[in-house]
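Visitor: I am sharing input.cif, which consists of mmCIF, C-alpha atoms:
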data_upload
#
loop_
_atom_site.label_atom_id
_atom_site.label_comp_id
_atom_site.auth_asym_id
_atom_site.auth_seq_id
_atom_site.Cartn_x
_atom_site.Cartn_y
_atom_site.Cartn_z
CA MET A 7 22.12 6.37 12.60
CA ARG A 8 23.50 9.41 14.30
CA GLY A 9 20.83 12.02 15.05
CA VAL A 10 18.11 9.46 15.46
CA ARG A 11 18.03 8.59 19.13
CA ALA A 12 17.53 5.26 20.82
CA PRO A 13 15.25 3.51 21.23
CA CYS A 14 15.12 4.19 17.53
CA THR A 15 13.73 1.38 15.56
CA LEU A 16 12.36 2.98 12.40
CA ARG A 17 11.82 -0.46 11.02
CA ARG A 18 10.46 -0.71 7.55
CA MET A 19 6.88 -1.83 7.29
CA ALA A 20 7.75 -5.08 5.60
CA ASP A 21 9.91 -6.08 8.56
CA HIS A 22 7.19 -5.65 11.18
CA PRO A 23 3.83 -5.28 9.51
CA ASP A 24 2.00 -4.88 12.81
CA ARG A 25 4.22 -2.13 14.20
CA ILE A 26 4.17 1.60 13.53
CA SER A 27 7.45 3.46 13.32
CA VAL A 28 7.21 7.16 14.13
CA LEU A 29 9.85 9.74 13.39
CA ALA A 30 9.53 12.67 15.82
CA ILE A 31 10.99 16.10 15.09
CA ALA A 32 10.78 18.72 17.85
CA GLY A 33 11.20 22.36 16.89
CA SER A 34 12.88 23.59 20.03
CA CYS A 35 16.57 23.53 20.80
CA ARG A 36 16.54 24.43 24.47
CA ARG A 37 17.08 21.65 26.96
CA ARG A 38 14.20 22.65 29.24
CA SER A 39 11.68 22.97 26.43
CA PHE A 40 8.01 22.25 27.07
CA ASN A 41 7.77 20.78 23.59
CA ARG A 42 10.63 18.39 24.16
CA ALA A 43 8.98 17.48 27.46
CA LEU A 44 5.73 16.86 25.61
CA LEU A 45 7.54 14.60 23.17
CA ARG A 46 9.15 12.68 26.05
CA ALA A 47 5.68 12.18 27.54
CA ALA A 48 4.39 10.97 24.18
CA ARG A 49 7.26 8.49 23.91
CA ALA A 50 6.74 7.25 27.45
CA ARG A 51 3.01 6.79 26.85
CA ALA A 52 3.16 5.51 23.26
CA PRO A 53 0.64 2.77 22.50
CA ALA A 54 1.88 -0.80 22.22
CA GLY A 55 3.43 -1.46 18.83
CA VAL A 56 4.39 2.17 18.26
CA ASP A 57 8.12 2.91 18.15
CA ILE A 58 9.17 6.56 18.28
CA GLY A 59 12.59 7.65 17.04
CA GLU A 60 13.74 11.24 16.99
CA PHE A 61 15.66 13.42 14.59
CA ASP A 62 17.35 16.56 15.91
CA PRO A 63 16.67 19.27 13.29
CA SER A 64 19.31 21.61 14.71
CA ARG A 65 21.89 19.38 13.01
CA LEU A 66 20.73 20.60 9.60
CA PRO A 67 22.33 23.61 7.92
CA PHE A 68 20.06 26.38 6.71
CA PHE A 69 18.57 25.40 3.37
CA ASP A 70 20.91 26.62 0.65
CA GLY A 71 20.50 25.76 -3.03
CA ASP A 72 24.26 25.88 -3.55
CA VAL A 73 24.88 23.41 -0.71
CA GLU A 74 22.19 21.15 -2.16
CA GLU A 75 23.74 21.32 -5.62
CA ALA A 76 27.07 20.20 -4.20
CA GLY A 77 25.31 17.14 -2.70
CA ASP A 78 23.12 16.75 0.38
CA PRO A 79 25.09 17.11 3.64
CA GLU A 80 25.11 14.04 5.85
CA ALA A 81 22.42 15.38 8.20
CA VAL A 82 20.11 16.05 5.24
CA ARG A 83 20.64 12.54 3.89
CA GLU A 84 19.86 11.14 7.34
CA LEU A 85 16.69 13.23 7.66
CA LYS A 86 15.39 12.09 4.28
CA ALA A 87 16.24 8.44 4.96
CA ALA A 88 14.58 8.56 8.39
CA MET A 89 11.45 10.13 6.91
CA HIS A 90 11.21 7.57 4.13
CA ALA A 91 11.57 4.78 6.70
CA ALA A 92 8.84 6.16 8.97
CA ASP A 93 5.16 5.27 8.90
CA LEU A 94 4.34 8.65 10.44
CA VAL A 95 6.19 11.87 11.15
CA LEU A 96 5.29 13.49 14.49
CA LEU A 97 6.04 17.22 14.50
CA VAL A 98 6.21 18.94 17.86
CA THR A 99 6.26 22.69 17.49
CA PRO A 100 6.63 25.73 19.68
CA GLU A 101 5.29 29.02 18.32
CA TYR A 102 7.71 31.91 17.80
CA ASN A 103 6.23 35.29 16.88
CA ALA A 104 3.01 33.91 15.45
CA GLY A 105 4.87 31.43 13.28
CA LEU A 106 7.13 28.42 13.10
CA PRO A 107 10.55 28.14 14.70
CA ALA A 108 13.19 28.36 12.00
CA VAL A 109 14.73 25.06 13.03
CA LEU A 110 11.49 23.19 12.26
CA LYS A 111 10.60 25.03 9.03
CA ASN A 112 14.11 24.28 7.83
CA ALA A 113 13.53 20.54 8.31
CA VAL A 114 10.24 20.81 6.41
CA ASP A 115 12.03 22.53 3.55
CA TRP A 116 14.96 20.12 3.32
CA GLY A 117 12.47 17.23 3.43
CA SER A 118 10.64 18.75 0.46
CA ARG A 119 13.64 18.64 -1.85
CA PRO A 120 14.56 16.06 -4.51
CA PRO A 121 14.98 13.25 -5.28
CA ARG A 122 11.32 12.61 -6.14
CA PRO A 123 9.12 11.54 -4.57
CA GLN A 124 10.13 14.07 -1.91
CA ALA A 125 9.93 12.77 1.62
CA TRP A 126 6.59 14.42 2.58
CA ASP A 127 4.70 13.12 -0.44
CA GLY A 128 1.93 10.86 0.86
CA ARG A 129 3.52 10.75 4.31
CA PRO A 130 1.16 10.59 7.32
CA VAL A 131 1.92 13.38 9.78
CA ALA A 132 0.65 14.34 13.22
CA ILE A 133 1.28 17.74 14.82
CA MET A 134 1.29 18.82 18.42
CA GLY A 135 2.59 21.82 20.27
CA ALA A 136 2.79 23.57 23.61
CA THR A 137 3.40 27.15 24.60
CA PRO A 138 3.71 28.99 27.89
CA GLY A 139 1.34 31.63 26.46
CA ARG A 140 -2.30 31.54 25.48
CA LEU A 141 -2.49 30.45 21.84
CA GLY A 142 -1.19 26.93 22.33
CA THR A 143 0.70 27.09 18.96
CA ALA A 144 -2.47 27.65 16.89
CA LEU A 145 -0.68 29.92 14.41
CA ALA A 146 2.43 27.76 14.16
CA GLN A 147 0.28 24.70 13.50
CA ARG A 148 -1.67 26.60 10.84
CA SER A 149 1.57 27.52 9.06
CA LEU A 150 2.78 23.96 9.26
CA ARG A 151 -0.46 22.57 7.85
CA GLU A 152 -0.35 25.05 5.00
CA SER A 153 3.21 24.10 4.07
CA LEU A 154 2.54 20.38 4.39
CA ALA A 155 -0.69 20.48 2.35
CA GLY A 156 1.30 21.88 -0.56
CA LEU A 157 3.68 18.95 -0.20
CA ASN A 158 0.89 16.35 -0.19
CA ALA A 159 1.68 15.21 3.34
CA HIS A 160 -1.34 13.60 4.93
CA VAL A 161 -1.75 15.57 8.15
CA MET A 162 -4.13 14.09 10.71
CA PRO A 163 -6.92 16.67 11.10
CA GLN A 164 -8.21 15.55 14.51
CA PRO A 165 -7.68 15.10 17.40
CA ARG A 166 -5.39 18.05 17.94
CA ILE A 167 -2.94 18.84 20.72
CA LEU A 168 -2.53 22.57 21.30
CA LEU A 169 -1.41 23.27 24.83
CA PRO A 170 -1.53 26.82 26.17
CA GLY A 171 -0.26 27.55 29.67
CA ALA A 172 2.26 24.72 29.43
CA ALA A 173 4.02 25.74 32.65
CA ARG A 174 1.02 24.48 34.61
CA LEU A 175 1.06 21.06 32.96
CA PHE A 176 4.59 19.92 33.82
CA ASP A 177 6.46 19.65 37.11
CA ASP A 178 9.89 21.11 37.85
CA ASP A 179 11.53 18.13 36.18
CA LEU A 180 9.33 18.70 33.13
CA ARG A 181 7.32 15.54 33.68
CA LEU A 182 3.74 15.76 32.46
CA THR A 183 1.60 15.92 35.60
CA ASP A 184 -1.74 17.12 34.24
CA ALA A 185 -4.11 14.16 34.06
CA ALA A 186 -6.46 15.63 31.47
CA THR A 187 -3.52 16.39 29.15
CA ALA A 188 -2.14 12.88 29.64
CA GLU A 189 -5.50 11.45 28.63
CA ARG A 190 -5.64 13.67 25.53
CA LEU A 191 -2.10 12.63 24.65
CA ASP A 192 -3.04 8.95 24.87
CA LYS A 193 -6.00 9.48 22.54
CA PHE A 194 -3.87 11.54 20.20
CA MET A 195 -1.15 8.90 19.93
CA ALA A 196 -3.70 6.11 19.44
CA ALA A 197 -5.35 8.14 16.69
CA ALA A 198 -1.98 8.91 15.10
CA ALA A 199 -1.14 5.19 14.98
CA GLU A 200 -4.52 4.49 13.38
CA TRP A 201 -3.95 7.34 10.91
CA ALA A 202 -0.57 5.87 9.93
CA ARG A 203 -2.16 2.45 9.36
CA ARG A 204 -4.71 3.95 6.95
CA PHE A 205 -1.98 4.99 4.55
CA ARG A 206 0.00 1.77 4.48
CA MET B 26 31.15 45.43 11.48
CA ARG B 27 31.54 41.98 10.03
CA GLY B 28 28.40 40.70 8.36
CA VAL B 29 27.25 44.16 7.35
CA ARG B 30 28.64 44.73 3.90
CA ALA B 31 30.17 47.83 2.37
CA PRO B 32 29.07 50.37 1.44
CA CYS B 33 27.53 50.07 4.86
CA THR B 34 26.93 53.33 6.54
CA LEU B 35 24.16 52.66 9.04
CA ARG B 36 24.70 56.12 10.37
CA ARG B 37 22.65 57.14 13.32
CA MET B 38 19.95 59.65 12.55
CA ALA B 39 21.58 62.34 14.65
CA ASP B 40 24.75 62.11 12.56
CA HIS B 41 23.05 62.74 9.22
CA PRO B 42 19.50 63.92 9.79
CA ASP B 43 18.78 64.12 6.07
CA ARG B 44 19.94 60.59 5.24
CA ILE B 45 18.13 57.29 5.62
CA SER B 46 20.10 54.23 6.66
CA VAL B 47 18.57 50.95 5.57
CA LEU B 48 19.53 47.54 6.86
CA ALA B 49 18.72 44.87 4.27
CA ILE B 50 18.30 41.20 5.14
CA ALA B 51 17.81 38.74 2.29
CA GLY B 52 16.34 35.34 3.08
CA SER B 53 18.19 33.30 0.49
CA CYS B 54 21.61 31.73 0.85
CA ARG B 55 22.26 30.70 -2.73
CA ARG B 56 24.66 32.80 -4.76
CA ARG B 57 22.43 32.99 -7.85
CA SER B 58 19.30 33.95 -5.92
CA PHE B 59 16.65 36.12 -7.57
CA ASN B 60 16.05 37.77 -4.21
CA ARG B 61 19.69 38.67 -3.76
CA ALA B 62 19.63 39.99 -7.32
CA LEU B 63 16.56 42.05 -6.47
CA LEU B 64 18.35 43.48 -3.46
CA ARG B 65 21.39 44.34 -5.60
CA ALA B 66 19.07 46.16 -8.01
CA ALA B 67 17.49 48.03 -5.08
CA ARG B 68 20.92 49.07 -3.83
CA ALA B 69 22.04 50.17 -7.29
CA ARG B 70 18.86 52.20 -7.78
CA ALA B 71 18.48 53.53 -4.22
CA PRO B 72 17.25 57.15 -4.06
CA ALA B 73 19.75 59.87 -3.18
CA GLY B 74 20.35 60.02 0.56
CA VAL B 75 19.47 56.37 1.14
CA ASP B 76 22.33 54.14 2.28
CA ILE B 77 21.71 50.38 2.21
CA GLY B 78 23.82 48.03 4.33
CA GLU B 79 23.26 44.30 4.47
CA PHE B 80 23.29 41.68 7.18
CA ASP B 81 23.79 38.04 6.20
CA PRO B 82 21.29 36.04 8.31
CA SER B 83 22.98 32.71 7.58
CA ARG B 84 25.64 33.75 10.11
CA LEU B 85 23.13 33.36 12.94
CA PRO B 86 22.73 30.08 14.81
CA PHE B 87 19.25 28.62 15.11
CA PHE B 88 17.41 30.36 17.93
CA ASP B 89 18.10 28.45 21.13
CA GLY B 90 17.04 29.65 24.57
CA ASP B 91 20.07 27.96 26.15
CA VAL B 92 22.47 29.75 23.79
CA GLU B 93 20.71 33.04 24.54
CA GLU B 94 20.94 32.45 28.27
CA ALA B 95 24.71 31.96 27.96
CA GLY B 96 24.92 35.36 26.24
CA ASP B 97 24.11 36.42 22.69
CA PRO B 98 26.60 35.06 20.13
CA GLU B 99 28.57 37.68 18.23
CA ALA B 100 26.38 37.45 15.11
CA VAL B 101 23.26 38.03 17.21
CA ARG B 102 24.80 41.07 18.89
CA GLU B 103 25.74 42.43 15.46
CA LEU B 104 22.23 41.86 14.11
CA LYS B 105 20.60 43.66 17.02
CA ALA B 106 23.08 46.57 16.86
CA ALA B 107 22.62 46.93 13.10
CA MET B 108 18.83 46.94 13.50
CA HIS B 109 18.89 49.54 16.25
CA ALA B 110 21.14 51.75 14.10
CA ALA B 111 18.88 51.50 11.04
CA ASP B 112 16.08 53.88 10.08
CA LEU B 113 14.41 51.06 8.15
CA VAL B 114 14.82 47.32 7.78
CA LEU B 115 14.36 46.01 4.24
CA LEU B 116 13.42 42.34 4.19
CA VAL B 117 13.82 40.47 0.91
CA THR B 118 12.16 37.10 1.04
CA PRO B 119 11.82 34.04 -1.14
CA GLU B 120 8.88 31.73 -0.46
CA TYR B 121 9.57 28.15 0.55
CA ASN B 122 6.62 25.78 0.76
CA ALA B 123 4.00 28.48 1.28
CA GLY B 124 6.02 30.07 4.07
CA LEU B 125 9.18 31.83 5.09
CA PRO B 126 12.70 30.54 4.58
CA ALA B 127 14.07 29.41 7.93
CA VAL B 128 17.09 31.65 7.61
CA LEU B 129 14.89 34.76 7.53
CA LYS B 130 12.40 33.70 10.22
CA ASN B 131 15.38 32.97 12.45
CA ALA B 132 16.61 36.56 12.07
CA VAL B 133 13.11 37.84 12.89
CA ASP B 134 13.08 35.71 16.04
CA TRP B 135 16.55 36.67 17.28
CA GLY B 136 15.67 40.33 16.66
CA SER B 137 12.58 39.93 18.83
CA ARG B 138 14.52 38.92 21.92
CA PRO B 139 15.64 41.03 24.90
CA PRO B 140 16.96 43.43 25.94
CA ARG B 141 13.83 45.61 25.74
CA PRO B 142 12.86 47.41 23.67
CA GLN B 143 13.43 44.53 21.27
CA ALA B 144 14.85 45.55 17.91
CA TRP B 145 11.57 45.41 15.92
CA ASP B 146 9.61 47.59 18.33
CA GLY B 147 8.59 50.72 16.44
CA ARG B 148 11.00 49.91 13.61
CA PRO B 149 9.94 50.86 10.06
CA VAL B 150 10.12 47.85 7.75
CA ALA B 151 9.65 47.29 4.03
CA ILE B 152 9.21 43.86 2.47
CA MET B 153 9.80 42.64 -1.05
CA GLY B 154 10.18 39.25 -2.63
CA ALA B 155 10.62 37.38 -5.88
CA THR B 156 9.90 33.81 -6.89
CA PRO B 157 10.36 31.78 -10.06
CA GLY B 158 6.79 30.52 -9.58
CA ARG B 159 3.41 32.19 -9.72
CA LEU B 160 2.65 33.51 -6.22
CA GLY B 161 5.40 36.10 -6.06
CA THR B 162 5.96 35.38 -2.31
CA ALA B 163 2.40 36.35 -1.29
CA LEU B 164 2.23 33.71 1.45
CA ALA B 165 5.76 34.36 2.73
CA GLN B 166 5.01 38.07 2.95
CA ARG B 167 1.76 37.37 4.79
CA SER B 168 3.62 35.28 7.38
CA LEU B 169 6.24 37.96 7.78
CA ARG B 170 3.63 40.68 8.27
CA GLU B 171 1.83 38.59 10.85
CA SER B 172 5.02 38.01 12.85
CA LEU B 173 6.10 41.63 12.60
CA ALA B 174 2.70 43.04 13.60
CA GLY B 175 2.95 41.14 16.86
CA LEU B 176 6.35 42.74 17.42
CA ASN B 177 5.06 46.28 16.76
CA ALA B 178 7.26 46.73 13.70
CA HIS B 179 5.81 49.36 11.39
CA VAL B 180 5.57 47.53 8.09
CA MET B 181 4.90 49.71 5.04
CA PRO B 182 1.53 48.53 3.68
CA GLN B 183 1.90 49.88 0.12
CA PRO B 184 3.40 49.87 -2.45
CA ARG B 185 4.28 46.21 -2.51
CA ILE B 186 6.85 44.27 -4.49
CA LEU B 187 5.80 40.69 -5.18
CA LEU B 188 7.49 39.34 -8.27
CA PRO B 189 6.27 36.08 -9.82
CA GLY B 190 8.09 34.66 -12.83
CA ALA B 191 11.38 36.17 -11.67
CA ALA B 192 13.39 34.30 -14.29
CA ARG B 193 11.93 36.57 -16.96
CA LEU B 194 12.94 39.77 -15.14
CA PHE B 195 16.69 39.24 -14.86
CA ASP B 196 19.38 38.48 -17.43
CA ASP B 197 21.92 35.66 -17.22
CA ASP B 198 24.11 37.76 -14.95
CA LEU B 199 21.07 38.37 -12.72
CA ARG B 200 20.84 42.03 -13.61
CA LEU B 201 17.32 43.44 -13.52
CA THR B 202 16.35 43.99 -17.14
CA ASP B 203 12.58 44.40 -16.91
CA ALA B 204 11.76 48.10 -17.24
CA ALA B 205 8.37 47.94 -15.55
CA THR B 206 9.87 46.16 -12.54
CA ALA B 207 12.69 48.71 -12.36
CA GLU B 208 10.11 51.49 -12.27
CA ARG B 209 8.16 49.76 -9.52
CA LEU B 210 11.35 49.26 -7.57
CA ASP B 211 12.18 52.97 -7.80
CA LYS B 212 8.73 53.89 -6.50
CA PHE B 213 8.99 51.28 -3.76
CA MET B 214 12.37 52.53 -2.54
CA ALA B 215 11.24 56.16 -2.61
CA ALA B 216 8.14 55.22 -0.62
CA ALA B 217 10.24 53.20 1.84
CA ALA B 218 12.50 56.22 2.46
CA GLU B 219 9.43 58.38 3.04
CA TRP B 220 7.98 55.72 5.34
CA ALA B 221 11.21 55.69 7.39
CA ARG B 222 11.13 59.49 7.71
CA ARG B 223 7.59 59.36 9.14
CA PHE B 224 8.81 57.45 12.15
CA ARG B 225 11.85 59.51 13.01
#
Would you put the structure from the file into structure tokens?

Guide:
Amino acid sequence: MRGVRAPCTLRRMADHPDRISVLAIAGSCRRRSFNRALLRAARARAPAGVDIGEFDPSRLPFFDGDVEEAGDPEAVRELKAAMHAADLVLLVTPEYNAGLPAVLKNAVDWGSRPPRPQAWDGRPVAIMGATPGRLGTALAQRSLRESLAGLNAHVMPQPRILLPGAARLFDDDLRLTDAATAERLDKFMAAAAEWARRFR
Amino acid sequence: MRGVRAPCTLRRMADHPDRISVLAIAGSCRRRSFNRALLRAARARAPAGVDIGEFDPSRLPFFDGDVEEAGDPEAVRELKAAMHAADLVLLVTPEYNAGLPAVLKNAVDWGSRPPRPQAWDGRPVAIMGATPGRLGTALAQRSLRESLAGLNAHVMPQPRILLPGAARLFDDDLRLTDAATAERLDKFMAAAAEWARRFR
């Protein structure tokens, strides 16, 4: 499936009842993004039995009711299919001007559209985010939780990953070098896998 | 200027000191949008001396730091120039999943970028929105105000236009037919012009 990167497994539960398939969506387009680096660290450190695929939300067009009426574009169909196949959606968000990046909100909105049940309904979700500044994506995560609650997504309340001062946590090659953050990430991913299992 | 629709005047203040040039940005792409219909009504009923041009935010790419670093795309340059030339920015927003449409948040974010002063800094802004549902865009407008406050835009606090049940306010050709709403719109536009004059 184009747009979902290897090693993308996204196996259906019935195929591998012991495994958890995670669909990750990162809300930053830039190559040297701290949030994409955070997602790479999460993939590298994922617990055994957790497979993380990724969907690139910049492939989606802006939500447009007329486009939808003419039939979902290919990228939208792929997003919805990948979400329905996932045991958990992992959203990785920067914060832009006290809110969500457009590219991520757009994926939330396309995912919320018919057919019913829409793709967020009853879906386990975990959220993390990093920012070079001081808020650590607190406001972006609040917006995301508010949108997702209305869609009946089941967002893991704790533990949370909000990383201020991200420049200090990664090296020049954007590898996670901060030990305390790595430990939090391990706990977060273990909890996310457990959260996904609750809703099977 | 492509993307800014006729009758677009966007005259600089010095050219016509008695006139107010408004740049409108509507956050809905669909042709039969209530918010686009609301903007058309605002343009048709604009007070004397108020010229309303429009920028189509769906022409912008998703914000991407790498794209920005390579030089602002043409649509981004046009957005920033149109904002800097405007006495007031009129934002017309739907509400998607308790938040902003991506297409509008994206315009806010591109407008917030260098060179300094960024295009929202000190800019008078008025916000209105319509929704078929019951909230009348209350949550979308809250998000927008929060983002714009951080950017030092001067958002008119009152009067406000939040229109729930929009389907009852427009006819089949999406002309505003509700007299009370038309009256509120007239007051809103007069107040917006006065608000813009305060910051000259």

Visitor: Just checking: using only C-alpha atoms, which residue out of B:Glu171, B:Asp146, B:Asp203, B:Glu208 ends up closest to His109 of chain B?

Guide: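 Once distances to His109 of chain B are computed over only C-alpha atoms, the minimum belongs to B:Asp146.
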
Visitor: With the file shown as input, list the residues that the PyMOL selection byres ((chain B) within 10 of (chain A)) selects, as an MDAnalysis selection string.

Guide: chainID B and resid 53:58 82:94 121:134 137 164 168:176

Visitor: Just checking: using all atoms listed in the file, which residue out of B:Ala107, B:Met153, B:Ala62, B:Ala163 ends up closest to Ala217 of chain B?

Guide: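 Of the candidates, the smallest distance to Ala217 of chain B is held by B:Met153.
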
Visitor: If you count only C-alpha atoms, which residues fall within 9 Å of Leu45 of chain A, apart from same-chain ones fewer than 4 positions away, as a PDB file with C-alpha atoms, in the frame of the given file?

Guide:
ATOM      1  CA  ALA A  30       9.530  12.670  15.820  1.00  0.00           C
ATOM      2  CA  ILE A  31      10.990  16.100  15.090  1.00  0.00           C
ATOM      3  CA  ALA A  32      10.780  18.720  17.850  1.00  0.00           C
ATOM      4  CA  PHE A  40       8.010  22.250  27.070  1.00  0.00           C
ATOM      5  CA  ASN A  41       7.770  20.780  23.590  1.00  0.00           C
ATOM      6  CA  ARG A  49       7.260   8.490  23.910  1.00  0.00           C
ATOM      7  CA  ALA A  50       6.740   7.250  27.450  1.00  0.00           C
ATOM      8  CA  VAL A  98       6.210  18.940  17.860  1.00  0.00           C
ATOM      9  CA  MET A 134       1.290  18.820  18.420  1.00  0.00           C
TER      10      MET A 134
END

Visitor: When you look at Pro182 of chain B with a cut-off of 12 Å (counting only C-alpha atoms), what residues show up, excluding the ones that are within fewer than 2 positions of it in the same chain? I need them as a CSV table (one decimal) with C-alpha atoms, keeping the file's coordinate frame.

Guide:
chain,number,residue,atom,x,y,z
B,149,PRO,CA,9.9,50.9,10.1
B,150,VAL,CA,10.1,47.8,7.8
B,151,ALA,CA,9.6,47.3,4.0
B,152,ILE,CA,9.2,43.9,2.5
B,153,MET,CA,9.8,42.6,-1.0
B,166,GLN,CA,5.0,38.1,3.0
B,167,ARG,CA,1.8,37.4,4.8
B,170,ARG,CA,3.6,40.7,8.3
B,174,ALA,CA,2.7,43.0,13.6
B,178,ALA,CA,7.3,46.7,13.7
B,179,HIS,CA,5.8,49.4,11.4
B,180,VAL,CA,5.6,47.5,8.1
B,184,PRO,CA,3.4,49.9,-2.4
B,185,ARG,CA,4.3,46.2,-2.5
B,186,ILE,CA,6.8,44.3,-4.5
B,213,PHE,CA,9.0,51.3,-3.8
B,216,ALA,CA,8.1,55.2,-0.6
B,217,ALA,CA,10.2,53.2,1.8
B,220,TRP,CA,8.0,55.7,5.3
